[in-house]
Amino acid sequence: MSKTKEENNIILETLINIFTVEKGKLKILLERKKEEPYKGYWVIPGEILNNQITLEENIEKILNRTIKIPNIYTEQDFTYSNLNRNPNERVVATSYIGLVESKIAEIKNNKQENLEINWFYIDEIPKMAFDHKEIIEASLQKLKNKLINTNILKNLFPNDFT
């Protein structure tokens, strides 16, 4: 039973839900799509994985492209493999959670000519492309569970926060 190359052609991408807290409310960084499908909709920052780098290196690449903050707290979240995630091709995504202090995010939030990114309060998320709203909701649930059971919260506040 041999399979053709087309039957095994899967694209891998990494997505990162970057969260911060501002004025006591949780925010997420989103990127506006400039191409079809879903042109003009918002997405979780992501990048297709190429054969020369790891998932973690791809996440660093996304962080350098969007917020330009190296070495923020990141953690692998979940892999999404629904057959209909993308209407044009088979794409499997591994999502990550990233946490950054709001003051650092504010300082480093440079406007970039060919990239439209913006912070949104969790209760004000705009219209999302693909399955990204569901991915955000799943990451939020995981983050809530971690807040209760770990000390992950410290990554959202300055080191001297008590």
# chains A, B, ... in the order shown; residues from 1 in each chain; ligands from 1

$ residues_around --residues "Ala93 of chain A" --least-positions-apart "3" --cutoff "6 Å" --atoms "only C-alpha atoms" --output "NGL selection string"
:A and (12-14 or 79-80)

$ write_last_selection --atoms "N, CA, C and O atoms" --output "PDB file, in the first residue's frame"
ATOM      1  N   LEU A  12       3.003  22.143   8.253  1.00  0.00           N
ATOM      2  CA  LEU A  12       3.039  22.369   9.701  1.00  0.00           C
ATOM      3  C   LEU A  12       3.236  23.853   9.965  1.00  0.00           C
ATOM      4  O   LEU A  12       4.034  24.511   9.297  1.00  0.00           O
ATOM      5  N   GLU A  13       2.497  24.356  10.939  1.00  0.00           N
ATOM      6  CA  GLU A  13       2.673  25.743  11.340  1.00  0.00           C
ATOM      7  C   GLU A  13       2.710  25.824  12.855  1.00  0.00           C
ATOM      8  O   GLU A  13       2.225  24.930  13.548  1.00  0.00           O
ATOM      9  N   THR A  14       3.325  26.878  13.345  1.00  0.00           N
ATOM     10  CA  THR A  14       3.275  27.164  14.765  1.00  0.00           C
ATOM     11  C   THR A  14       2.500  28.464  14.949  1.00  0.00           C
ATOM     12  O   THR A  14       2.579  29.374  14.127  1.00  0.00           O
ATOM     13  N   THR A  79      -1.809  20.630  19.709  1.00  0.00           N
ATOM     14  CA  THR A  79      -1.702  20.473  18.260  1.00  0.00           C
ATOM     15  C   THR A  79      -3.093  20.307  17.678  1.00  0.00           C
ATOM     16  O   THR A  79      -3.886  19.507  18.168  1.00  0.00           O
ATOM     17  N   TYR A  80      -3.376  21.085  16.624  1.00  0.00           N
ATOM     18  CA  TYR A  80      -4.669  21.088  15.965  1.00  0.00           C
ATOM     19  C   TYR A  80      -4.533  20.464  14.588  1.00  0.00           C
ATOM     20  O   TYR A  80      -3.739  20.925  13.770  1.00  0.00           O
TER      21      TYR A  80
END

$ residues_around --residues "Ile135 of chain A" --least-positions-apart "4" --cutoff "12 Å" --atoms "only C-alpha atoms" --output "ChimeraX atom specification"
/A:14-17,43-45,77-82,85,93-97,128-131,139-142

$ write_last_selection --atoms "N, CA and C atoms" --output "tab-separated table (two decimals), in the first residue's frame"
chain	number	residue	atom	x	y	z
A	14	THR	N	3.33	26.88	13.35
A	14	THR	CA	3.28	27.16	14.77
A	14	THR	C	2.50	28.46	14.95
A	15	LEU	N	1.73	28.51	16.01
A	15	LEU	CA	0.95	29.68	16.39
A	15	LEU	C	1.30	30.02	17.83
A	16	ILE	N	1.32	31.31	18.17
A	16	ILE	CA	1.58	31.66	19.56
A	16	ILE	C	0.57	32.69	20.05
A	17	ASN	N	-0.15	32.29	21.10
A	17	ASN	CA	-1.08	33.16	21.81
A	17	ASN	C	-0.25	33.95	22.82
A	43	VAL	N	-5.79	36.98	13.07
A	43	VAL	CA	-5.27	35.64	13.35
A	43	VAL	C	-4.29	35.70	14.51
A	44	ILE	N	-4.05	34.55	15.08
A	44	ILE	CA	-2.98	34.39	16.05
A	44	ILE	C	-1.67	34.46	15.27
A	45	PRO	N	-0.66	35.19	15.76
A	45	PRO	CA	0.61	35.22	15.03
A	45	PRO	C	1.13	33.79	14.81
A	77	ASP	N	1.27	24.35	23.78
A	77	ASP	CA	-0.10	24.23	24.25
A	77	ASP	C	-0.77	22.98	23.68
A	78	PHE	N	-1.03	22.94	22.37
A	78	PHE	CA	-1.81	21.86	21.80
A	78	PHE	C	-1.54	21.79	20.30
A	79	THR	N	-1.81	20.63	19.71
A	79	THR	CA	-1.70	20.47	18.26
A	79	THR	C	-3.09	20.31	17.68
A	80	TYR	N	-3.38	21.09	16.62
A	80	TYR	CA	-4.67	21.09	15.97
A	80	TYR	C	-4.53	20.46	14.59
A	81	SER	N	-5.30	19.40	14.35
A	81	SER	CA	-5.16	18.66	13.09
A	81	SER	C	-6.48	18.43	12.38
A	82	ASN	N	-7.50	19.22	12.70
A	82	ASN	CA	-8.77	19.10	12.01
A	82	ASN	C	-8.53	19.17	10.50
A	85	ARG	N	-9.14	22.76	8.74
A	85	ARG	CA	-8.62	23.98	9.36
A	85	ARG	C	-8.41	25.09	8.34
A	93	ALA	N	-1.42	22.59	13.02
A	93	ALA	CA	-0.83	23.67	13.81
A	93	ALA	C	-0.52	23.22	15.22
A	94	THR	N	0.65	23.62	15.70
A	94	THR	CA	1.00	23.46	17.11
A	94	THR	C	0.96	24.85	17.72
A	95	SER	N	0.11	25.01	18.73
A	95	SER	CA	-0.02	26.32	19.36
A	95	SER	C	0.83	26.38	20.62
A	96	TYR	N	1.24	27.58	20.93
A	96	TYR	CA	2.02	27.89	22.12
A	96	TYR	C	1.32	29.00	22.88
A	97	ILE	N	1.64	29.10	24.16
A	97	ILE	CA	1.22	30.22	24.98
A	97	ILE	C	2.48	31.02	25.29
A	128	MET	N	-12.28	36.50	13.80
A	128	MET	CA	-11.06	35.71	13.60
A	128	MET	C	-11.18	34.80	12.38
A	129	ALA	N	-10.04	34.51	11.77
A	129	ALA	CA	-9.96	33.60	10.63
A	129	ALA	C	-9.74	32.17	11.11
A	130	PHE	N	-9.99	31.23	10.20
A	130	PHE	CA	-9.74	29.80	10.44
A	130	PHE	C	-10.40	29.36	11.74
A	131	ASP	N	-9.68	28.56	12.54
A	131	ASP	CA	-10.18	28.08	13.83
A	131	ASP	C	-9.52	28.82	14.98
A	139	SER	N	-6.58	27.89	24.72
A	139	SER	CA	-5.38	28.40	25.42
A	139	SER	C	-5.77	29.15	26.69
A	140	LEU	N	-6.87	29.90	26.63
A	140	LEU	CA	-7.34	30.60	27.82
A	140	LEU	C	-7.71	29.63	28.93
A	141	GLN	N	-8.37	28.54	28.56
A	141	GLN	CA	-8.73	27.53	29.56
A	141	GLN	C	-7.49	26.92	30.19
A	142	LYS	N	-6.50	26.62	29.37
A	142	LYS	CA	-5.25	26.06	29.90
A	142	LYS	C	-4.56	27.08	30.81

$ residues_around --residues "segment 18-21 of chain A" --least-positions-apart "5" --cutoff "6 Å" --atoms "only C-alpha atoms" --output "PyMOL selection string"
chain A and resi 26-29+98-102+156

$ select_by_dssp --residues "segment 14-60 of chain A" --states "alpha helix (DSSP H)" --output "list of chain:residue names"
A:Leu55, A:Glu56, A:Glu57, A:Asn58, A:Ile59, A:Glu60

$ select_by_dssp --residues "segment 33-136 of chain A" --states "strand (DSSP E or B)" --output "ChimeraX atom specification"
/A:42-43,46-48,73-80,91-99,112,115,117-121,128

$ write_last_selection --atoms "C-alpha atoms" --output "short mmCIF file (atom, residue, chain, number, x, y, z; two decimals), in the first residue's frame"
data_model
loop_
_atom_site.label_atom_id
_atom_site.label_comp_id
_atom_site.auth_asym_id
_atom_site.auth_seq_id
_atom_site.Cartn_x
_atom_site.Cartn_y
_atom_site.Cartn_z
CA TRP A 42 -7.44 38.66 12.53
CA VAL A 43 -5.27 35.64 13.35
CA GLY A 46 1.97 32.18 13.23
CA GLU A 47 4.50 30.88 10.76
CA ILE A 48 4.82 27.87 8.48
CA TYR A 73 7.93 32.75 28.72
CA THR A 74 6.58 30.27 26.17
CA GLU A 75 5.01 26.87 26.54
CA GLN A 76 3.68 24.40 24.00
CA ASP A 77 -0.10 24.23 24.25
CA PHE A 78 -1.81 21.86 21.80
CA THR A 79 -1.70 20.47 18.26
CA TYR A 80 -4.67 21.09 15.97
CA VAL A 91 -2.36 22.47 7.69
CA VAL A 92 -1.57 21.06 11.13
CA ALA A 93 -0.83 23.67 13.81
CA THR A 94 1.00 23.46 17.11
CA SER A 95 -0.02 26.32 19.36
CA TYR A 96 2.02 27.89 22.12
CA ILE A 97 1.22 30.22 24.98
CA GLY A 98 3.48 33.22 25.52
CA LEU A 99 3.40 35.60 28.48
CA GLN A 112 5.88 47.87 11.31
CA LEU A 115 2.63 43.98 9.54
CA ILE A 117 -0.60 43.78 14.89
CA ASN A 118 -2.63 44.94 17.84
CA TRP A 119 -3.38 44.04 21.45
CA PHE A 120 -7.01 43.17 22.21
CA TYR A 121 -8.75 42.66 25.53
CA MET A 128 -11.06 35.71 13.60
#

$ atom_distance --atom1 "atom CA of Lys25 of chain A" --atom2 "atom CA of Ile69 of chain A"
20.9 Å

$ closest_residue --among "A:His132, A:Lys144, A:Arg32, A:Lys39" --to "Glu116 of chain A" --atoms "only C-alpha atoms"
A:Arg32

$ closest_residue --among "A:Lys61, A:Lys127, A:Arg90, A:Lys103" --to "Lys33 of chain A" --atoms "only C-alpha atoms"
A:Lys127

$ atom_distance --atom1 "atom CA of Gly24 of chain A" --atom2 "atom CA of Glu124 of chain A"
14.8 Å

$ atom_distance --atom1 "atom CA of Pro70 of chain A" --atom2 "atom CA of Asn86 of chain A"
29.4 Å

$ decode --residues "segment 37-53 of chain A" --atoms "all heavy atoms" --output "PDB file, in the first residue's frame"
ATOM      1  N   PRO A  37      -6.978  33.186   2.035  1.00  0.00           N
ATOM      2  CA  PRO A  37      -8.365  33.357   2.467  1.00  0.00           C
ATOM      3  C   PRO A  37      -8.445  34.207   3.741  1.00  0.00           C
ATOM      4  O   PRO A  37      -7.468  34.330   4.471  1.00  0.00           O
ATOM      5  CB  PRO A  37      -8.818  31.922   2.737  1.00  0.00           C
ATOM      6  CG  PRO A  37      -7.575  31.186   3.104  1.00  0.00           C
ATOM      7  CD  PRO A  37      -6.470  31.848   2.325  1.00  0.00           C
ATOM      8  N   TYR A  38      -9.592  34.769   3.983  1.00  0.00           N
ATOM      9  CA  TYR A  38      -9.873  35.580   5.175  1.00  0.00           C
ATOM     10  C   TYR A  38      -9.116  36.895   5.220  1.00  0.00           C
ATOM     11  O   TYR A  38      -8.764  37.385   6.292  1.00  0.00           O
ATOM     12  CB  TYR A  38      -9.597  34.781   6.458  1.00  0.00           C
ATOM     13  CG  TYR A  38     -10.419  33.537   6.631  1.00  0.00           C
ATOM     14  CD1 TYR A  38      -9.836  32.276   6.475  1.00  0.00           C
ATOM     15  CD2 TYR A  38     -11.762  33.595   6.944  1.00  0.00           C
ATOM     16  CE1 TYR A  38     -10.581  31.112   6.636  1.00  0.00           C
ATOM     17  CE2 TYR A  38     -12.514  32.434   7.111  1.00  0.00           C
ATOM     18  CZ  TYR A  38     -11.912  31.203   6.951  1.00  0.00           C
ATOM     19  OH  TYR A  38     -12.646  30.069   7.113  1.00  0.00           O
ATOM     20  N   LYS A  39      -8.854  37.491   4.088  1.00  0.00           N
ATOM     21  CA  LYS A  39      -8.172  38.784   4.042  1.00  0.00           C
ATOM     22  C   LYS A  39      -8.917  39.782   4.921  1.00  0.00           C
ATOM     23  O   LYS A  39     -10.139  39.913   4.852  1.00  0.00           O
ATOM     24  CB  LYS A  39      -8.100  39.289   2.607  1.00  0.00           C
ATOM     25  CG  LYS A  39      -7.378  40.603   2.466  1.00  0.00           C
ATOM     26  CD  LYS A  39      -7.294  41.033   1.017  1.00  0.00           C
ATOM     27  CE  LYS A  39      -6.552  42.353   0.919  1.00  0.00           C
ATOM     28  NZ  LYS A  39      -6.441  42.773  -0.484  1.00  0.00           N
ATOM     29  N   GLY A  40      -8.175  40.495   5.780  1.00  0.00           N
ATOM     30  CA  GLY A  40      -8.751  41.495   6.667  1.00  0.00           C
ATOM     31  C   GLY A  40      -9.189  40.962   8.022  1.00  0.00           C
ATOM     32  O   GLY A  40      -9.433  41.730   8.943  1.00  0.00           O
ATOM     33  N   TYR A  41      -9.283  39.652   8.165  1.00  0.00           N
ATOM     34  CA  TYR A  41      -9.623  39.052   9.453  1.00  0.00           C
ATOM     35  C   TYR A  41      -8.360  39.022  10.327  1.00  0.00           C
ATOM     36  O   TYR A  41      -7.253  39.203   9.849  1.00  0.00           O
ATOM     37  CB  TYR A  41     -10.114  37.616   9.273  1.00  0.00           C
ATOM     38  CG  TYR A  41     -11.505  37.474   8.722  1.00  0.00           C
ATOM     39  CD1 TYR A  41     -11.882  38.052   7.517  1.00  0.00           C
ATOM     40  CD2 TYR A  41     -12.456  36.715   9.390  1.00  0.00           C
ATOM     41  CE1 TYR A  41     -13.152  37.898   7.002  1.00  0.00           C
ATOM     42  CE2 TYR A  41     -13.734  36.550   8.878  1.00  0.00           C
ATOM     43  CZ  TYR A  41     -14.067  37.147   7.683  1.00  0.00           C
ATOM     44  OH  TYR A  41     -15.335  36.986   7.179  1.00  0.00           O
ATOM     45  N   TRP A  42      -8.561  38.744  11.593  1.00  0.00           N
ATOM     46  CA  TRP A  42      -7.441  38.664  12.532  1.00  0.00           C
ATOM     47  C   TRP A  42      -7.071  37.212  12.777  1.00  0.00           C
ATOM     48  O   TRP A  42      -7.925  36.324  12.703  1.00  0.00           O
ATOM     49  CB  TRP A  42      -7.807  39.364  13.839  1.00  0.00           C
ATOM     50  CG  TRP A  42      -7.939  40.843  13.641  1.00  0.00           C
ATOM     51  CD1 TRP A  42      -9.045  41.521  13.244  1.00  0.00           C
ATOM     52  CD2 TRP A  42      -6.912  41.815  13.778  1.00  0.00           C
ATOM     53  NE1 TRP A  42      -8.777  42.856  13.132  1.00  0.00           N
ATOM     54  CE2 TRP A  42      -7.476  43.072  13.462  1.00  0.00           C
ATOM     55  CE3 TRP A  42      -5.568  41.758  14.156  1.00  0.00           C
ATOM     56  CZ2 TRP A  42      -6.739  44.253  13.505  1.00  0.00           C
ATOM     57  CZ3 TRP A  42      -4.845  42.940  14.203  1.00  0.00           C
ATOM     58  CH2 TRP A  42      -5.419  44.164  13.878  1.00  0.00           C
ATOM     59  N   VAL A  43      -5.794  36.984  13.073  1.00  0.00           N
ATOM     60  CA  VAL A  43      -5.270  35.644  13.346  1.00  0.00           C
ATOM     61  C   VAL A  43      -4.289  35.700  14.509  1.00  0.00           C
ATOM     62  O   VAL A  43      -3.752  36.758  14.837  1.00  0.00           O
ATOM     63  CB  VAL A  43      -4.561  35.029  12.106  1.00  0.00           C
ATOM     64  CG1 VAL A  43      -5.537  34.762  10.977  1.00  0.00           C
ATOM     65  CG2 VAL A  43      -3.399  35.888  11.638  1.00  0.00           C
ATOM     66  N   ILE A  44      -4.055  34.547  15.076  1.00  0.00           N
ATOM     67  CA  ILE A  44      -2.981  34.389  16.053  1.00  0.00           C
ATOM     68  C   ILE A  44      -1.672  34.459  15.271  1.00  0.00           C
ATOM     69  O   ILE A  44      -1.564  33.853  14.208  1.00  0.00           O
ATOM     70  CB  ILE A  44      -3.101  33.016  16.757  1.00  0.00           C
ATOM     71  CG1 ILE A  44      -4.443  32.887  17.468  1.00  0.00           C
ATOM     72  CG2 ILE A  44      -1.939  32.804  17.717  1.00  0.00           C
ATOM     73  CD1 ILE A  44      -4.786  31.462  17.859  1.00  0.00           C
ATOM     74  N   PRO A  45      -0.664  35.190  15.756  1.00  0.00           N
ATOM     75  CA  PRO A  45       0.608  35.217  15.032  1.00  0.00           C
ATOM     76  C   PRO A  45       1.128  33.792  14.810  1.00  0.00           C
ATOM     77  O   PRO A  45       1.145  32.975  15.731  1.00  0.00           O
ATOM     78  CB  PRO A  45       1.531  36.007  15.947  1.00  0.00           C
ATOM     79  CG  PRO A  45       0.599  36.899  16.714  1.00  0.00           C
ATOM     80  CD  PRO A  45      -0.631  36.061  16.932  1.00  0.00           C
ATOM     81  N   GLY A  46       1.521  33.521  13.576  1.00  0.00           N
ATOM     82  CA  GLY A  46       1.975  32.180  13.229  1.00  0.00           C
ATOM     83  C   GLY A  46       2.945  32.189  12.078  1.00  0.00           C
ATOM     84  O   GLY A  46       3.166  33.216  11.435  1.00  0.00           O
ATOM     85  N   GLU A  47       3.501  31.022  11.818  1.00  0.00           N
ATOM     86  CA  GLU A  47       4.497  30.884  10.762  1.00  0.00           C
ATOM     87  C   GLU A  47       4.536  29.433  10.320  1.00  0.00           C
ATOM     88  O   GLU A  47       4.479  28.524  11.149  1.00  0.00           O
ATOM     89  CB  GLU A  47       5.862  31.300  11.314  1.00  0.00           C
ATOM     90  CG  GLU A  47       6.950  31.466  10.317  1.00  0.00           C
ATOM     91  CD  GLU A  47       6.929  32.818   9.622  1.00  0.00           C
ATOM     92  OE1 GLU A  47       6.531  33.827  10.230  1.00  0.00           O
ATOM     93  OE2 GLU A  47       7.315  32.831   8.443  1.00  0.00           O
ATOM     94  N   ILE A  48       4.638  29.216   9.012  1.00  0.00           N
ATOM     95  CA  ILE A  48       4.818  27.868   8.484  1.00  0.00           C
ATOM     96  C   ILE A  48       6.200  27.376   8.885  1.00  0.00           C
ATOM     97  O   ILE A  48       7.177  28.130   8.831  1.00  0.00           O
ATOM     98  CB  ILE A  48       4.662  27.867   6.936  1.00  0.00           C
ATOM     99  CG1 ILE A  48       3.262  28.342   6.529  1.00  0.00           C
ATOM    100  CG2 ILE A  48       4.977  26.495   6.352  1.00  0.00           C
ATOM    101  CD1 ILE A  48       2.120  27.480   6.996  1.00  0.00           C
ATOM    102  N   LEU A  49       6.286  26.122   9.261  1.00  0.00           N
ATOM    103  CA  LEU A  49       7.558  25.518   9.680  1.00  0.00           C
ATOM    104  C   LEU A  49       8.309  25.030   8.455  1.00  0.00           C
ATOM    105  O   LEU A  49       7.750  24.319   7.619  1.00  0.00           O
ATOM    106  CB  LEU A  49       7.269  24.345  10.626  1.00  0.00           C
ATOM    107  CG  LEU A  49       8.464  23.645  11.235  1.00  0.00           C
ATOM    108  CD1 LEU A  49       9.160  24.546  12.244  1.00  0.00           C
ATOM    109  CD2 LEU A  49       8.025  22.357  11.906  1.00  0.00           C
ATOM    110  N   ASN A  50       9.576  25.421   8.346  1.00  0.00           N
ATOM    111  CA  ASN A  50      10.379  24.878   7.250  1.00  0.00           C
ATOM    112  C   ASN A  50      11.251  23.734   7.778  1.00  0.00           C
ATOM    113  O   ASN A  50      11.310  23.495   8.985  1.00  0.00           O
ATOM    114  CB  ASN A  50      11.199  25.961   6.529  1.00  0.00           C
ATOM    115  CG  ASN A  50      12.324  26.510   7.363  1.00  0.00           C
ATOM    116  OD1 ASN A  50      13.041  25.782   8.045  1.00  0.00           O
ATOM    117  ND2 ASN A  50      12.514  27.818   7.309  1.00  0.00           N
ATOM    118  N   ASN A  51      11.910  23.043   6.897  1.00  0.00           N
ATOM    119  CA  ASN A  51      12.662  21.834   7.267  1.00  0.00           C
ATOM    120  C   ASN A  51      13.961  22.099   8.015  1.00  0.00           C
ATOM    121  O   ASN A  51      14.595  21.156   8.475  1.00  0.00           O
ATOM    122  CB  ASN A  51      12.965  21.000   6.016  1.00  0.00           C
ATOM    123  CG  ASN A  51      11.719  20.392   5.435  1.00  0.00           C
ATOM    124  OD1 ASN A  51      10.764  20.102   6.146  1.00  0.00           O
ATOM    125  ND2 ASN A  51      11.719  20.194   4.130  1.00  0.00           N
ATOM    126  N   GLN A  52      14.383  23.343   8.133  1.00  0.00           N
ATOM    127  CA  GLN A  52      15.671  23.639   8.751  1.00  0.00           C
ATOM    128  C   GLN A  52      15.586  24.091  10.211  1.00  0.00           C
ATOM    129  O   GLN A  52      16.620  24.307  10.833  1.00  0.00           O
ATOM    130  CB  GLN A  52      16.415  24.721   7.943  1.00  0.00           C
ATOM    131  CG  GLN A  52      17.021  24.228   6.642  1.00  0.00           C
ATOM    132  CD  GLN A  52      15.987  23.923   5.570  1.00  0.00           C
ATOM    133  OE1 GLN A  52      15.071  24.700   5.375  1.00  0.00           O
ATOM    134  NE2 GLN A  52      16.114  22.790   4.913  1.00  0.00           N
ATOM    135  N   ILE A  53      14.377  24.251  10.756  1.00  0.00           N
ATOM    136  CA  ILE A  53      14.289  24.739  12.137  1.00  0.00           C
ATOM    137  C   ILE A  53      13.286  23.920  12.949  1.00  0.00           C
ATOM    138  O   ILE A  53      12.442  23.226  12.402  1.00  0.00           O
ATOM    139  CB  ILE A  53      13.940  26.243  12.206  1.00  0.00           C
ATOM    140  CG1 ILE A  53      12.573  26.537  11.596  1.00  0.00           C
ATOM    141  CG2 ILE A  53      15.008  27.085  11.526  1.00  0.00           C
ATOM    142  CD1 ILE A  53      12.130  27.977  11.739  1.00  0.00           C
TER     143      ILE A  53
END
